[in-house]
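Down below is the structure, laid out as structure tokens.
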Amino acid sequence: MGYFDIINFMLYYITSNQDKIRVAKKYLSPFEIIFEGKDMELFEKQSDDIREIAIEKAKQAYAVIKQPLFVNDAGWHITALNGFPGSFMKFVNGWLTAEDILNLMSPHTNREVILREVVCYIDDTKIKPFIGEKKGIVLHTNTDSTDIPSRSIISLSSTGKSISECWKEGIPPAEDYPVWQEFGKWYSNNLQCVMI
């Protein structure tokens, strides 16, 4: 006599960044999504399209572990600087200091920055990217000389605190992250469990 068992997928988040894992856990926990962080060296394609970068990373990771997984990539688009640095913020964080970026911003009154994020899920039958945006501001001062520029001079919070300050105080750097909520809703409705 046959019967059905329901089992949870083993889901991996490919990152070594503990802050990213904390964000994902916070916004995926309402959907009862359990995942495990996994550190992997992935080649980052040079592109100004974060969707393309995330898809390529997901494919690389899946080719190695062959388990359901997701990756996350982001681009920081500073409105006054014509969208600079976009998907290249990771490299800009190494090339420029926080003060360098603040100097670039000094002639501008518009401090808006747009965080464009992609969460890309992949398994053996599908690859599905989710894209979201979150607005913030470039602050006027460096709030943490020990942290990377994108976290020490950018605020996504209604408190006006930098990302660095929020992490230090144990509060989320943003009140919501639409991309994580969209992914969480889709995953919980479609892939949270499988019948065998």
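Within each chain, counting starts at residue 1; across the structure tokens, chains are named A, B, ... in the order shown, with ligands numbered 1 upward in that order.
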
Could you make a table, as CSV, of the residues of segment 112-136 of chain A that have an atom within 7 Å of an atom of segment 179-182 of chain A, each with its nearest atom pair and distance in Å to one decimal, counting only C-alpha atoms, in chain and number order?
residue,atom,partner,partner_atom,distance
A:Glu117,CA,A:Val179,CA,6.8
A:Val118,CA,A:Val179,CA,7.0
A:Val119,CA,A:Val179,CA,6.9
A:Phe130,CA,A:Val179,CA,6.2
A:Ile131,CA,A:Val179,CA,5.7
A:Gly132,CA,A:Val179,CA,4.5

Output file for the selection above: N, CA and C atoms, as a PDB file, in the first residue's frame:
ATOM      1  N   GLU A 117      18.306  44.848  -6.095  1.00  0.00           N
ATOM      2  CA  GLU A 117      18.740  43.529  -5.637  1.00  0.00           C
ATOM      3  C   GLU A 117      18.098  42.424  -6.456  1.00  0.00           C
ATOM      4  N   VAL A 118      18.847  41.346  -6.634  1.00  0.00           N
ATOM      5  CA  VAL A 118      18.335  40.144  -7.275  1.00  0.00           C
ATOM      6  C   VAL A 118      18.535  38.968  -6.339  1.00  0.00           C
ATOM      7  N   VAL A 119      17.494  38.192  -6.151  1.00  0.00           N
ATOM      8  CA  VAL A 119      17.597  36.876  -5.528  1.00  0.00           C
ATOM      9  C   VAL A 119      17.288  35.881  -6.634  1.00  0.00           C
ATOM     10  N   PHE A 130      14.387  37.034  -8.966  1.00  0.00           N
ATOM     11  CA  PHE A 130      13.455  38.014  -8.419  1.00  0.00           C
ATOM     12  C   PHE A 130      14.215  39.328  -8.276  1.00  0.00           C
ATOM     13  N   ILE A 131      13.600  40.424  -8.685  1.00  0.00           N
ATOM     14  CA  ILE A 131      14.278  41.721  -8.676  1.00  0.00           C
ATOM     15  C   ILE A 131      13.466  42.710  -7.853  1.00  0.00           C
ATOM     16  N   GLY A 132      14.152  43.459  -6.992  1.00  0.00           N
ATOM     17  CA  GLY A 132      13.474  44.465  -6.183  1.00  0.00           C
ATOM     18  C   GLY A 132      14.326  45.712  -6.022  1.00  0.00           C
TER      19      GLY A 132
END

Nearby residues (only C-alpha atoms) at most 6 Å from segment 32-41 of chain A, same-chain spacing under 2 positions excluded, as a VMD selection string: chain A and resid 11 to 16 28 to 30

* Could you write out, as a count of residues only, all the residues of chain A that DSSP marks as strand (DSSP E)? -> 50

Problem set entry | Pick from A:Trp167, A:Tyr27, A:Tyr62, A:Phe43 nearest to Ile127 of chain A, counting only C-alpha atoms |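 That would be A:Tyr62, the residue with the smallest distance to Ile127 of chain A.
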
Expressed in Å to a single decimal, how great is the separation between atom CA of Asn93 of chain A and atom CA of Ile122 of chain A?
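Going from atom CA of Asn93 of chain A over to atom CA of Ile122 of chain A, I get 28.5 Å.
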
As a check of understanding: the span from atom CA of Asn189 of chain A to atom CA of Arg22 of chain A is 22.4 Å

Excluding Gly160 of chain A and residues on its chain fewer than 4 positions from it, collect all residues at most 10 Å away from it, counting only C-alpha atoms, and give them as an NGL selection string. :A and (136-139 or 154-156 or 165-166 or 173)

Keeping only N, CA, C and O atoms, take the residues you just selected and write them out as a PDB file, in the first residue's frame.
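Wrote it out as again.pdb, contents follow:
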ATOM      1  N   GLY A 136      17.299  54.758  -0.684  1.00  0.00           N
ATOM      2  CA  GLY A 136      17.983  55.219   0.506  1.00  0.00           C
ATOM      3  C   GLY A 136      18.663  56.541   0.217  1.00  0.00           C
ATOM      4  O   GLY A 136      18.365  57.203  -0.783  1.00  0.00           O
ATOM      5  N   ILE A 137      19.599  56.916   1.097  1.00  0.00           N
ATOM      6  CA  ILE A 137      20.335  58.168   0.906  1.00  0.00           C
ATOM      7  C   ILE A 137      21.821  57.948   1.175  1.00  0.00           C
ATOM      8  O   ILE A 137      22.202  57.079   1.960  1.00  0.00           O
ATOM      9  N   VAL A 138      22.624  58.749   0.491  1.00  0.00           N
ATOM     10  CA  VAL A 138      24.049  58.814   0.798  1.00  0.00           C
ATOM     11  C   VAL A 138      24.211  59.855   1.897  1.00  0.00           C
ATOM     12  O   VAL A 138      23.810  61.012   1.723  1.00  0.00           O
ATOM     13  N   LEU A 139      24.761  59.453   3.026  1.00  0.00           N
ATOM     14  CA  LEU A 139      24.926  60.363   4.159  1.00  0.00           C
ATOM     15  C   LEU A 139      26.029  61.387   3.877  1.00  0.00           C
ATOM     16  O   LEU A 139      26.758  61.279   2.892  1.00  0.00           O
ATOM     17  N   ILE A 154      25.857  54.890   3.578  1.00  0.00           N
ATOM     18  CA  ILE A 154      24.519  54.762   2.995  1.00  0.00           C
ATOM     19  C   ILE A 154      23.520  54.356   4.067  1.00  0.00           C
ATOM     20  O   ILE A 154      23.795  53.506   4.907  1.00  0.00           O
ATOM     21  N   SER A 155      22.355  54.990   4.028  1.00  0.00           N
ATOM     22  CA  SER A 155      21.259  54.635   4.928  1.00  0.00           C
ATOM     23  C   SER A 155      20.060  54.163   4.119  1.00  0.00           C
ATOM     24  O   SER A 155      19.668  54.809   3.145  1.00  0.00           O
ATOM     25  N   LEU A 156      19.496  53.047   4.534  1.00  0.00           N
ATOM     26  CA  LEU A 156      18.241  52.538   3.965  1.00  0.00           C
ATOM     27  C   LEU A 156      17.122  52.600   4.995  1.00  0.00           C
ATOM     28  O   LEU A 156      16.008  52.156   4.739  1.00  0.00           O
ATOM     29  N   GLU A 165      25.825  51.323  11.248  1.00  0.00           N
ATOM     30  CA  GLU A 165      25.283  51.658  12.568  1.00  0.00           C
ATOM     31  C   GLU A 165      24.144  50.712  12.948  1.00  0.00           C
ATOM     32  O   GLU A 165      24.049  50.271  14.097  1.00  0.00           O
ATOM     33  N   CYS A 166      23.294  50.396  11.972  1.00  0.00           N
ATOM     34  CA  CYS A 166      22.176  49.496  12.256  1.00  0.00           C
ATOM     35  C   CYS A 166      22.672  48.126  12.687  1.00  0.00           C
ATOM     36  O   CYS A 166      22.187  47.570  13.681  1.00  0.00           O
ATOM     37  N   PRO A 173      18.892  46.954   8.845  1.00  0.00           N
ATOM     38  CA  PRO A 173      19.301  48.160   8.122  1.00  0.00           C
ATOM     39  C   PRO A 173      18.197  48.763   7.273  1.00  0.00           C
ATOM     40  O   PRO A 173      18.317  49.890   6.795  1.00  0.00           O
TER      41      PRO A 173
END

Show which residues sit within 9 Å of Ile148 of chain A, as a CSV table (one decimal) with N, CA, C and O atoms, in the first residue's frame. Count only C-alpha atoms, and ignore same-chain residues fewer than 4 positions away.
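Contents of around.csv, as written:
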chain,number,residue,atom,x,y,z
A,93,ASN,N,34.1,49.6,-3.6
A,93,ASN,CA,34.5,49.5,-2.2
A,93,ASN,C,35.9,49.2,-1.9
A,93,ASN,O,36.5,49.6,-0.9
A,94,GLY,N,36.6,48.6,-2.9
A,94,GLY,CA,38.0,48.3,-2.8
A,94,GLY,C,38.9,49.4,-3.4
A,94,GLY,O,40.0,49.6,-3.0
A,97,THR,N,37.8,55.1,-1.1
A,97,THR,CA,37.4,55.2,0.3
A,97,THR,C,36.0,55.8,0.5
A,97,THR,O,35.5,56.4,-0.5
A,98,ALA,N,35.5,55.7,1.7
A,98,ALA,CA,34.2,56.4,1.9
A,98,ALA,C,34.4,57.9,1.6
A,98,ALA,O,33.5,58.6,1.1
A,144,ASP,N,31.6,54.9,10.0
A,144,ASP,CA,32.4,53.8,10.5
A,144,ASP,C,33.6,53.6,9.6
A,144,ASP,O,33.5,53.0,8.6
A,152,SER,N,29.0,52.2,5.4
A,152,SER,CA,29.3,53.3,6.3
A,152,SER,C,28.7,54.6,5.9
A,152,SER,O,28.6,55.5,6.8
A,153,ILE,N,28.4,54.8,4.6
A,153,ILE,CA,27.9,56.1,4.2
A,153,ILE,C,26.5,56.1,3.6
A,153,ILE,O,26.0,57.1,3.1
A,164,SER,N,26.0,50.3,8.6
A,164,SER,CA,26.9,49.9,9.6
A,164,SER,C,26.4,50.1,11.0
A,164,SER,O,26.5,49.3,11.9

note - atom CA of Lys26 of chain A and atom CA of Ala63 of chain A are separated by 28.0 Å

Practice task
Determine which residues of segment 53-193 of chain A DSSP labels as helix (DSSP H, G or I) from the backbone of this structure, then write them out as a ChimeraX atom specification.
Solution key: /A:53-65,79-81,89-95,98-105,149-152,163-169,178-190

Discussion item. Can you tell me which residues surround Ile101 of chain A at a distance of at most 9 Å, considering only C-alpha atoms, apart from same-chain residues fewer than 5 positions away, and format the answer as a list of chain:residue names?
Written reply: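 With the cut-off at 9 Å, the set is A:Leu96, A:Ser106, A:Pro149, A:Ile153.
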
Go ahead and save the picked residues with N, CA, C and O atoms, as an mmCIF file, in the first residue's frame.
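This went into selection.cif:
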data_model
loop_
_atom_site.group_PDB
_atom_site.id
_atom_site.type_symbol
_atom_site.label_atom_id
_atom_site.label_comp_id
_atom_site.auth_asym_id
_atom_site.auth_seq_id
_atom_site.Cartn_x
_atom_site.Cartn_y
_atom_site.Cartn_z
ATOM 1 N N LEU A 96 37.878 52.830 -3.844
ATOM 2 C CA LEU A 96 37.671 54.163 -3.275
ATOM 3 C C LEU A 96 37.378 54.071 -1.784
ATOM 4 O O LEU A 96 36.780 53.094 -1.321
ATOM 5 N N SER A 106 29.839 65.755 -2.979
ATOM 6 C CA SER A 106 29.805 67.073 -2.330
ATOM 7 C C SER A 106 29.109 68.177 -3.141
ATOM 8 O O SER A 106 28.466 69.036 -2.538
ATOM 9 N N PRO A 149 32.801 51.222 2.437
ATOM 10 C CA PRO A 149 32.075 52.469 2.173
ATOM 11 C C PRO A 149 30.567 52.318 1.992
ATOM 12 O O PRO A 149 29.802 53.113 2.542
ATOM 13 N N ILE A 153 28.367 54.788 4.645
ATOM 14 C CA ILE A 153 27.881 56.102 4.192
ATOM 15 C C ILE A 153 26.485 56.055 3.585
ATOM 16 O O ILE A 153 25.983 57.080 3.127
#

Taking into account only C-alpha atoms, which residue in the set A:Arg151, A:Arg51, A:Lys66, A:His108 is nearest to Met10 of chain A?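 Looking only at the distances to Met10 of chain A, the closest residue turns out to be A:Lys66.
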
Find the residue from A:Arg116, A:Lys185, A:Lys161, A:Lys59 that sits nearest to Pro85 of chain A; use only C-alpha atoms when measuring.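 Among A:Arg116, A:Lys185, A:Lys161, A:Lys59, it is A:Arg116 that comes nearest to Pro85 of chain A.
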
Polymer residues at most 12 Å from Glu56 of chain A, only C-alpha atoms, same-chain spacing of 6 or more positions, as a ChimeraX atom specification
/A:42-47,49-50,62-63,70-73,118,120-122,127-129

Exercise. Which one of A:Pro68, A:Gly184, A:Pro107, A:Pro178 sits closest to Ala80 of chain A if you count only C-alpha atoms?
Worked result: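 Smallest distance to Ala80 of chain A is found for A:Pro107.
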
Check: Which one of A:Ala61, A:Ile78, A:Asn190, A:Gly170 sits closest to Asp19 of chain A if you count only C-alpha atoms?
Finding: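 The shortest atom-to-atom distance to Asp19 of chain A comes from A:Gly170.
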